[in-house]
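Scroll down for the structure; my scribbles are underneath it.
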Amino acid sequence: MFSFYIINTMIDRKTLRENYEKIKEGLKKRGYEFDIDSLLEKDKEYRKLLTEINELKAKRNRLTDEIKKLKREGKDIGELIEKSREIGNKIEEIEEDVKNLEKEIENKLLEIPNIPHESVPVGSSSEENVVVREWGERKEFDFEPKSHWELGEKLGILDFKRAGSMSGSRFVIYKGLGALLERALVQFFLDVATKEHGYTEIFPPILVKEESAYGSAHLPKFDEEMYKTLDEKLYLLPTAEMALANLHRNEILREDDLPLYYTAYTPCFRREAGSYGKDVRGIIRQHQFNKVELFKFTKPEESYDELEKMVSDAERILQKLGIPYRVVLLCTGDMGFAAAKTYDIEVWAPGVKRWLEASSVSNCENFQAKRTNTRFRRKDGKLEYVHTLNGSGLATPRTFIALIENYQQKDGSILIPEVLRKYMGGIEKIPAQ
RNA sequence: GGAGGGGUGGCCGAGCGGUCGAAGGCGGCGGCUUGCUAAGCCGUUGUCCCCCGUUGAGGGGGACCGCGGGUUCGAAUCCCGCCCCCUCCGCCA
């Protein structure tokens, strides 16, 4: 026999029952097909059986008490034991059905995505996302700006060919000043997060248990997106969010300790199974990339303010780097499974002439908190689920792209922004070869 | 990898087939005492689910002692599997 764990779900049954209309509408807004009604039917059946079991158990408990008493008095208890056994058998019978139903219901519930916040624009695809603001000048070049893969190869800082033969497509080797730049970006991101924005640095395991993947809501829906170890027991992080969401699993946090801010640098691994032929050139879409993640545990009433703050924390980094970007509010149809509201931050990459998502900042409300059973105690003693927020601050590849494409010079060299120089031994540019 | 030990409430820690939701302590909350502080005394204090009632009124029942399963009329207590922690030995960056 193997053991399994019941994972709490965002839309637990009570929520489902009490917010039927709201949930139905939310799913519709997302364009998500789901048969709530049949699920509610099952839940009703489940509760009926539960009540029956409860009553039988109450009966048995009374009998047990009596047996206890009579036995002490040395009286005959044979008949009562027989009766109790009968009840036990009946309970077992019903319990079988209840268990099956429960598992069925729980599995279904795990497939329900988060309900969008009311401020999220309704739409079916990225077309309907809303640009909230734009920062920085999109620079005019007096020459034709090169793409990062041209620059990277010419300068000898990115090596696609050898990475390909070593690991396959969608892998890259950073070399020399390229490797240094990559490392500098990670350090810079972490320093801004910890020293300026008050996040506590975490360096988590890169492999996590299946249970944790359920907690962050990467399972069950995104199994095919993740790499896992051969025995299928451990998952490589597709994002540090998957680790951080589980940081306070099964804990009861103190109200005074909230909000908690965490940041973590980790490599991230994604199979990109559904994106054949998309972004195949360069480092826009890689199987492995580096990211500094921001994560918060907050009180429910503060999470939306904290969301705005997290977005501006991520923006601040790009401002310091002098990279033009825009902030996009995702519409209902373009949001991730666990998110109730998401902003993307897209950097301008003049070489590929595209906006590239360098950060995605989401409020998951209590969606992950329910799955990971992360709660806090109010001053009045009441327990409540926390809200969780995650965001990139930032992902390196696309920042790397925007950086070298924006800072390329006519002679083929790349200027290093002032703020990065101290992480790169003081050099001012990556010289042309 | 081998050999042991252990996981109990917010925390520490007893219990090792019925009288245990679970002693005791700490912490929390309420009250008394108190010139202030410290202390003392008394009381209180878990979570989840279901049903009826309510919609910040309650009442009844059930479950929960790492997780899952088994034995039993009855399991925190016995048995099996899994997860996690600790100690010792071996191996190793």
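Chain labels run A, B, ... following the order of the structure tokens; each chain numbers its residues from 1, and ligands are numbered from 1 in the order shown.
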
Give me, as a list in words, all polymer residues having an atom no more than 12 Å from B:U45, counting only C-alpha atoms (C1' of nucleotides) and skipping those fewer than 5 positions away in the same chain.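 Counting only C-alpha atoms (C1' of nucleotides), the residues come to Gly381 of chain A; G9, G10, G27, G28, C29 and G30 of chain B.
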
Could you write out that same residue set with N, CA and C atoms (P, O5', C5', C4', C3', O3' and C1' of nucleotides) as a CSV table (one decimal), in the first residue's frame?
chain,number,residue,atom,x,y,z
A,381,GLY,N,-7.4,35.6,18.1
A,381,GLY,CA,-7.3,34.1,18.2
A,381,GLY,C,-7.7,33.4,17.0
B,9,G,P,1.6,18.3,19.0
B,9,G,O5',0.5,19.3,19.5
B,9,G,C5',-0.4,20.0,18.5
B,9,G,C4',-1.5,20.6,19.3
B,9,G,C3',-1.2,22.0,19.9
B,9,G,O3',-2.1,23.0,19.4
B,9,G,C1',-2.0,20.5,21.5
B,10,G,P,-1.9,23.6,18.0
B,10,G,O5',-1.0,24.8,18.4
B,10,G,C5',-0.4,25.6,17.3
B,10,G,C4',0.6,26.5,17.9
B,10,G,C3',1.7,25.7,18.7
B,10,G,O3',2.7,25.2,17.8
B,10,G,C1',1.0,27.6,20.0
B,27,G,P,5.1,31.8,31.3
B,27,G,O5',4.5,32.0,29.8
B,27,G,C5',5.4,32.4,28.7
B,27,G,C4',4.7,32.3,27.4
B,27,G,C3',3.3,33.0,27.3
B,27,G,O3',3.5,34.4,27.0
B,27,G,C1',3.0,30.8,26.5
B,28,G,P,2.5,35.5,27.6
B,28,G,O5',1.2,35.1,26.8
B,28,G,C5',1.1,35.3,25.4
B,28,G,C4',-0.3,35.0,24.9
B,28,G,C3',-1.4,35.6,25.7
B,28,G,O3',-1.7,36.9,25.2
B,28,G,C1',-1.9,33.3,25.5
B,29,C,P,-2.1,38.1,26.2
B,29,C,O5',-3.7,37.7,26.5
B,29,C,C5',-4.6,37.8,25.5
B,29,C,C4',-5.9,37.1,26.0
B,29,C,C3',-6.5,37.7,27.2
B,29,C,O3',-7.2,38.9,27.0
B,29,C,C1',-6.5,35.4,27.4
B,30,G,P,-7.1,40.1,28.2
B,30,G,O5',-8.1,39.5,29.3
B,30,G,C5',-9.5,39.4,29.0
B,30,G,C4',-10.2,38.8,30.1
B,30,G,C3',-10.0,39.4,31.5
B,30,G,O3',-10.7,40.6,31.7
B,30,G,C1',-9.8,37.1,31.7

Nearby residues (only C-alpha atoms (C1' of nucleotides)) at most 9 Å from B:C65, same-chain spacing under 2 positions excluded, as number ranges by chain: B: 8-9, 22, 76

Using all heavy atoms, can you write the selected residues to a file as an mmCIF file, in the first residue's frame?
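out.cif, written as the output of this step:
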data_model
loop_
_atom_site.group_PDB
_atom_site.id
_atom_site.type_symbol
_atom_site.label_atom_id
_atom_site.label_comp_id
_atom_site.auth_asym_id
_atom_site.auth_seq_id
_atom_site.Cartn_x
_atom_site.Cartn_y
_atom_site.Cartn_z
ATOM 1 P P U B 8 5.750 15.603 18.428
ATOM 2 O OP1 U B 8 5.422 16.896 17.807
ATOM 3 O OP2 U B 8 6.758 15.501 19.495
ATOM 4 O "O5'" U B 8 4.426 14.927 18.938
ATOM 5 C "C5'" U B 8 3.222 15.002 18.167
ATOM 6 C "C4'" U B 8 2.037 14.774 19.051
ATOM 7 O "O4'" U B 8 2.329 13.670 19.941
ATOM 8 C "C3'" U B 8 1.693 15.915 20.005
ATOM 9 O "O3'" U B 8 0.898 16.906 19.368
ATOM 10 C "C2'" U B 8 0.903 15.189 21.072
ATOM 11 O "O2'" U B 8 -0.400 14.912 20.639
ATOM 12 C "C1'" U B 8 1.677 13.868 21.183
ATOM 13 N N1 U B 8 2.672 13.858 22.268
ATOM 14 C C2 U B 8 2.202 13.724 23.574
ATOM 15 O O2 U B 8 1.016 13.644 23.851
ATOM 16 N N3 U B 8 3.166 13.707 24.539
ATOM 17 C C4 U B 8 4.528 13.797 24.350
ATOM 18 O O4 U B 8 5.273 13.752 25.327
ATOM 19 C C5 U B 8 4.943 13.936 22.980
ATOM 20 C C6 U B 8 4.019 13.966 22.014
ATOM 21 P P G B 9 1.589 18.291 18.965
ATOM 22 O OP1 G B 9 1.672 18.352 17.518
ATOM 23 O OP2 G B 9 2.787 18.483 19.785
ATOM 24 O "O5'" G B 9 0.502 19.347 19.459
ATOM 25 C "C5'" G B 9 -0.397 19.994 18.518
ATOM 26 C "C4'" G B 9 -1.533 20.639 19.275
ATOM 27 O "O4'" G B 9 -1.876 19.754 20.362
ATOM 28 C "C3'" G B 9 -1.224 21.999 19.883
ATOM 29 O "O3'" G B 9 -2.147 22.979 19.399
ATOM 30 C "C2'" G B 9 -1.406 21.861 21.380
ATOM 31 O "O2'" G B 9 -2.330 22.824 21.880
ATOM 32 C "C1'" G B 9 -2.043 20.494 21.537
ATOM 33 N N9 G B 9 -1.431 19.718 22.623
ATOM 34 C C8 G B 9 -0.145 19.324 22.769
ATOM 35 N N7 G B 9 0.061 18.626 23.857
ATOM 36 C C5 G B 9 -1.181 18.564 24.454
ATOM 37 C C6 G B 9 -1.590 17.954 25.660
ATOM 38 O O6 G B 9 -0.909 17.318 26.451
ATOM 39 N N1 G B 9 -2.943 18.127 25.886
ATOM 40 C C2 G B 9 -3.797 18.824 25.052
ATOM 41 N N2 G B 9 -5.070 18.885 25.432
ATOM 42 N N3 G B 9 -3.438 19.405 23.925
ATOM 43 C C4 G B 9 -2.121 19.240 23.702
ATOM 44 P P A B 22 -10.252 16.036 27.313
ATOM 45 O OP1 A B 22 -11.250 15.041 27.730
ATOM 46 O OP2 A B 22 -10.064 17.259 28.120
ATOM 47 O "O5'" A B 22 -8.855 15.291 27.145
ATOM 48 C "C5'" A B 22 -7.657 15.899 27.571
ATOM 49 C "C4'" A B 22 -6.614 14.842 27.797
ATOM 50 O "O4'" A B 22 -6.603 13.947 26.659
ATOM 51 C "C3'" A B 22 -5.199 15.410 27.888
ATOM 52 O "O3'" A B 22 -4.876 15.688 29.234
ATOM 53 C "C2'" A B 22 -4.341 14.297 27.310
ATOM 54 O "O2'" A B 22 -4.056 13.315 28.269
ATOM 55 C "C1'" A B 22 -5.267 13.717 26.235
ATOM 56 N N9 A B 22 -5.078 14.347 24.934
ATOM 57 C C8 A B 22 -6.033 14.928 24.143
ATOM 58 N N7 A B 22 -5.580 15.411 23.015
ATOM 59 C C5 A B 22 -4.224 15.137 23.072
ATOM 60 C C6 A B 22 -3.169 15.384 22.179
ATOM 61 N N6 A B 22 -3.335 15.983 21.000
ATOM 62 N N1 A B 22 -1.941 14.992 22.528
ATOM 63 C C2 A B 22 -1.773 14.388 23.708
ATOM 64 N N3 A B 22 -2.678 14.092 24.631
ATOM 65 C C4 A B 22 -3.900 14.494 24.242
ATOM 66 P P A B 76 -7.061 6.654 19.622
ATOM 67 O OP1 A B 76 -7.674 6.511 20.937
ATOM 68 O OP2 A B 76 -7.778 7.346 18.543
ATOM 69 O "O5'" A B 76 -5.647 7.369 19.793
ATOM 70 C "C5'" A B 76 -4.856 7.636 18.651
ATOM 71 C "C4'" A B 76 -3.400 7.737 19.013
ATOM 72 O "O4'" A B 76 -3.256 8.615 20.149
ATOM 73 C "C3'" A B 76 -2.775 6.414 19.450
ATOM 74 O "O3'" A B 76 -2.252 5.750 18.325
ATOM 75 C "C2'" A B 76 -1.684 6.860 20.396
ATOM 76 O "O2'" A B 76 -0.527 7.260 19.698
ATOM 77 C "C1'" A B 76 -2.309 8.088 21.057
ATOM 78 N N9 A B 76 -2.986 7.787 22.316
ATOM 79 C C8 A B 76 -4.327 7.836 22.563
ATOM 80 N N7 A B 76 -4.650 7.512 23.792
ATOM 81 C C5 A B 76 -3.435 7.231 24.393
ATOM 82 C C6 A B 76 -3.079 6.831 25.683
ATOM 83 N N6 A B 76 -3.966 6.643 26.656
ATOM 84 N N1 A B 76 -1.774 6.623 25.950
ATOM 85 C C2 A B 76 -0.878 6.815 24.967
ATOM 86 N N3 A B 76 -1.088 7.205 23.705
ATOM 87 C C4 A B 76 -2.393 7.397 23.485
#

Rows by chain and residue number, chain B within 9 Å of chain A, shortest pair, only C-alpha atoms (C1' of nucleotides), as a tab-separated table:
residue	atom	partner	partner_atom	distance
B:G10	C1'	A:Ile252	CA	8.1
B:G18	C1'	A:Lys68	CA	6.1
B:C50	C1'	A:Thr51	CA	5.8
B:C51	C1'	A:Thr51	CA	7.0
B:G61	C1'	A:Asn54	CA	6.7
B:G62	C1'	A:Asn54	CA	5.1
B:C67	C1'	A:Ser3	CA	7.0
B:G68	C1'	A:Ser3	CA	4.5
B:G69	C1'	A:Met1	CA	7.2
B:C73	C1'	A:Ile81	CA	4.3
B:G74	C1'	A:Thr64	CA	6.2
B:G81	C1'	A:Met1	CA	6.4
B:C82	C1'	A:Ser3	CA	6.0

Shell around B:G6 at 12 Å using only C-alpha atoms (C1' of nucleotides), local window under 3 positions removed, as an mmCIF file with all heavy atoms, in the first residue's frame:
data_model
loop_
_atom_site.group_PDB
_atom_site.id
_atom_site.type_symbol
_atom_site.label_atom_id
_atom_site.label_comp_id
_atom_site.auth_asym_id
_atom_site.auth_seq_id
_atom_site.Cartn_x
_atom_site.Cartn_y
_atom_site.Cartn_z
ATOM 1 P P G B 66 1.573 11.144 16.202
ATOM 2 O OP1 G B 66 1.105 9.773 15.998
ATOM 3 O OP2 G B 66 2.809 11.401 16.977
ATOM 4 O "O5'" G B 66 1.706 11.834 14.771
ATOM 5 C "C5'" G B 66 1.821 13.247 14.642
ATOM 6 C "C4'" G B 66 2.201 13.574 13.221
ATOM 7 O "O4'" G B 66 3.575 13.180 13.009
ATOM 8 C "C3'" G B 66 1.406 12.837 12.165
ATOM 9 O "O3'" G B 66 0.223 13.529 11.840
ATOM 10 C "C2'" G B 66 2.373 12.793 10.996
ATOM 11 O "O2'" G B 66 2.399 14.012 10.296
ATOM 12 C "C1'" G B 66 3.712 12.607 11.723
ATOM 13 N N9 G B 66 4.100 11.205 11.875
ATOM 14 C C8 G B 66 4.330 10.545 13.054
ATOM 15 N N7 G B 66 4.667 9.299 12.885
ATOM 16 C C5 G B 66 4.670 9.122 11.508
ATOM 17 C C6 G B 66 4.959 7.982 10.727
ATOM 18 O O6 G B 66 5.297 6.852 11.107
ATOM 19 N N1 G B 66 4.844 8.240 9.359
ATOM 20 C C2 G B 66 4.475 9.446 8.832
ATOM 21 N N2 G B 66 4.400 9.494 7.505
ATOM 22 N N3 G B 66 4.192 10.525 9.547
ATOM 23 C C4 G B 66 4.316 10.290 10.869
ATOM 24 P P C B 84 11.735 11.961 3.659
ATOM 25 O OP1 C B 84 12.310 12.859 2.656
ATOM 26 O OP2 C B 84 12.311 10.620 3.876
ATOM 27 O "O5'" C B 84 11.720 12.704 5.073
ATOM 28 C "C5'" C B 84 11.250 14.033 5.175
ATOM 29 C "C4'" C B 84 11.068 14.393 6.625
ATOM 30 O "O4'" C B 84 10.140 13.459 7.244
ATOM 31 C "C3'" C B 84 12.312 14.281 7.492
ATOM 32 O "O3'" C B 84 13.182 15.385 7.345
ATOM 33 C "C2'" C B 84 11.684 14.201 8.878
ATOM 34 O "O2'" C B 84 11.219 15.458 9.299
ATOM 35 C "C1'" C B 84 10.486 13.281 8.606
ATOM 36 N N1 C B 84 10.798 11.867 8.867
ATOM 37 C C2 C B 84 10.807 11.416 10.193
ATOM 38 O O2 C B 84 10.550 12.225 11.093
ATOM 39 N N3 C B 84 11.090 10.124 10.458
ATOM 40 C C4 C B 84 11.362 9.279 9.454
ATOM 41 N N4 C B 84 11.636 8.009 9.763
ATOM 42 C C5 C B 84 11.371 9.710 8.093
ATOM 43 C C6 C B 84 11.086 10.994 7.842
ATOM 44 P P C B 85 14.739 15.183 7.674
ATOM 45 O OP1 C B 85 15.397 16.409 7.194
ATOM 46 O OP2 C B 85 15.196 13.857 7.210
ATOM 47 O "O5'" C B 85 14.770 15.150 9.265
ATOM 48 C "C5'" C B 85 14.552 16.316 10.034
ATOM 49 C "C4'" C B 85 14.559 15.947 11.490
ATOM 50 O "O4'" C B 85 13.593 14.870 11.711
ATOM 51 C "C3'" C B 85 15.857 15.332 11.999
ATOM 52 O "O3'" C B 85 16.847 16.301 12.269
ATOM 53 C "C2'" C B 85 15.363 14.625 13.264
ATOM 54 O "O2'" C B 85 15.108 15.528 14.311
ATOM 55 C "C1'" C B 85 14.041 14.039 12.771
ATOM 56 N N1 C B 85 14.181 12.649 12.277
ATOM 57 C C2 C B 85 14.292 11.631 13.234
ATOM 58 O O2 C B 85 14.280 11.942 14.433
ATOM 59 N N3 C B 85 14.407 10.341 12.828
ATOM 60 C C4 C B 85 14.421 10.056 11.521
ATOM 61 N N4 C B 85 14.535 8.771 11.181
ATOM 62 C C5 C B 85 14.315 11.072 10.524
ATOM 63 C C6 C B 85 14.194 12.345 10.941
ATOM 64 P P C B 86 18.371 15.896 12.126
ATOM 65 O OP1 C B 86 19.135 17.152 12.151
ATOM 66 O OP2 C B 86 18.538 14.956 11.005
ATOM 67 O "O5'" C B 86 18.651 15.076 13.465
ATOM 68 C "C5'" C B 86 18.531 15.686 14.740
ATOM 69 C "C4'" C B 86 18.670 14.628 15.811
ATOM 70 O "O4'" C B 86 17.621 13.627 15.636
ATOM 71 C "C3'" C B 86 19.946 13.801 15.742
ATOM 72 O "O3'" C B 86 21.041 14.482 16.324
ATOM 73 C "C2'" C B 86 19.539 12.555 16.524
ATOM 74 O "O2'" C B 86 19.535 12.785 17.918
ATOM 75 C "C1'" C B 86 18.099 12.357 16.041
ATOM 76 N N1 C B 86 18.012 11.416 14.896
ATOM 77 C C2 C B 86 18.080 10.028 15.171
ATOM 78 O O2 C B 86 18.236 9.650 16.333
ATOM 79 N N3 C B 86 17.986 9.137 14.146
ATOM 80 C C4 C B 86 17.818 9.590 12.899
ATOM 81 N N4 C B 86 17.723 8.679 11.927
ATOM 82 C C5 C B 86 17.748 10.986 12.591
ATOM 83 C C6 C B 86 17.845 11.847 13.613
ATOM 84 P P U B 87 22.515 14.171 15.824
ATOM 85 O OP1 U B 87 23.384 15.204 16.411
ATOM 86 O OP2 U B 87 22.532 13.941 14.362
ATOM 87 O "O5'" U B 87 22.808 12.770 16.528
ATOM 88 C "C5'" U B 87 22.967 12.671 17.938
ATOM 89 C "C4'" U B 87 23.234 11.236 18.314
ATOM 90 O "O4'" U B 87 22.082 10.423 17.938
ATOM 91 C "C3'" U B 87 24.382 10.574 17.556
ATOM 92 O "O3'" U B 87 25.644 10.910 18.114
ATOM 93 C "C2'" U B 87 24.041 9.093 17.728
ATOM 94 O "O2'" U B 87 24.384 8.621 19.008
ATOM 95 C "C1'" U B 87 22.527 9.114 17.575
ATOM 96 N N1 U B 87 22.095 8.827 16.184
ATOM 97 C C2 U B 87 22.007 7.490 15.802
ATOM 98 O O2 U B 87 22.284 6.571 16.546
ATOM 99 N N3 U B 87 21.596 7.277 14.501
ATOM 100 C C4 U B 87 21.266 8.237 13.575
ATOM 101 O O4 U B 87 20.911 7.886 12.454
ATOM 102 C C5 U B 87 21.385 9.592 14.041
ATOM 103 C C6 U B 87 21.787 9.834 15.299
#

Which polymer residues have any atom within 7 Å of an atom of stretch 417-432 of chain A, counting only C-alpha atoms (C1' of nucleotides), with same-chain residues fewer than 5 positions away left out, as a count of residues only? 10

Atom pair atom C1' of B:G70 / atom CA of A:Glu92: separation (Å): 13.1 Å

Can you check which residues of stretch 43-213 of chain A DSSP gives as alpha helix (DSSP H) on the backbone and send them as an NGL selection string? :A and (43-72 or 78-109 or 148-155 or 160-167 or 177-191 or 210-213)

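Of note, atom CA of A:Lys221 and atom CA of A:Asn129 are spaced 23.2 Å apart.
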
Close residues, stretch 235-240 of chain A itself excluded, 7 Å, only C-alpha atoms (C1' of nucleotides), min 2 positions apart in chain, as a list in words: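 What passes the distance filter is Ile206, Leu207, Val208, Lys209, Glu210, Met226, Tyr227, Lys228, Thr229, Lys233, Met242, Ala243, Leu244, Ala264, Thr266, Cys268, Phe269, Arg270 and Glu293 of chain A.
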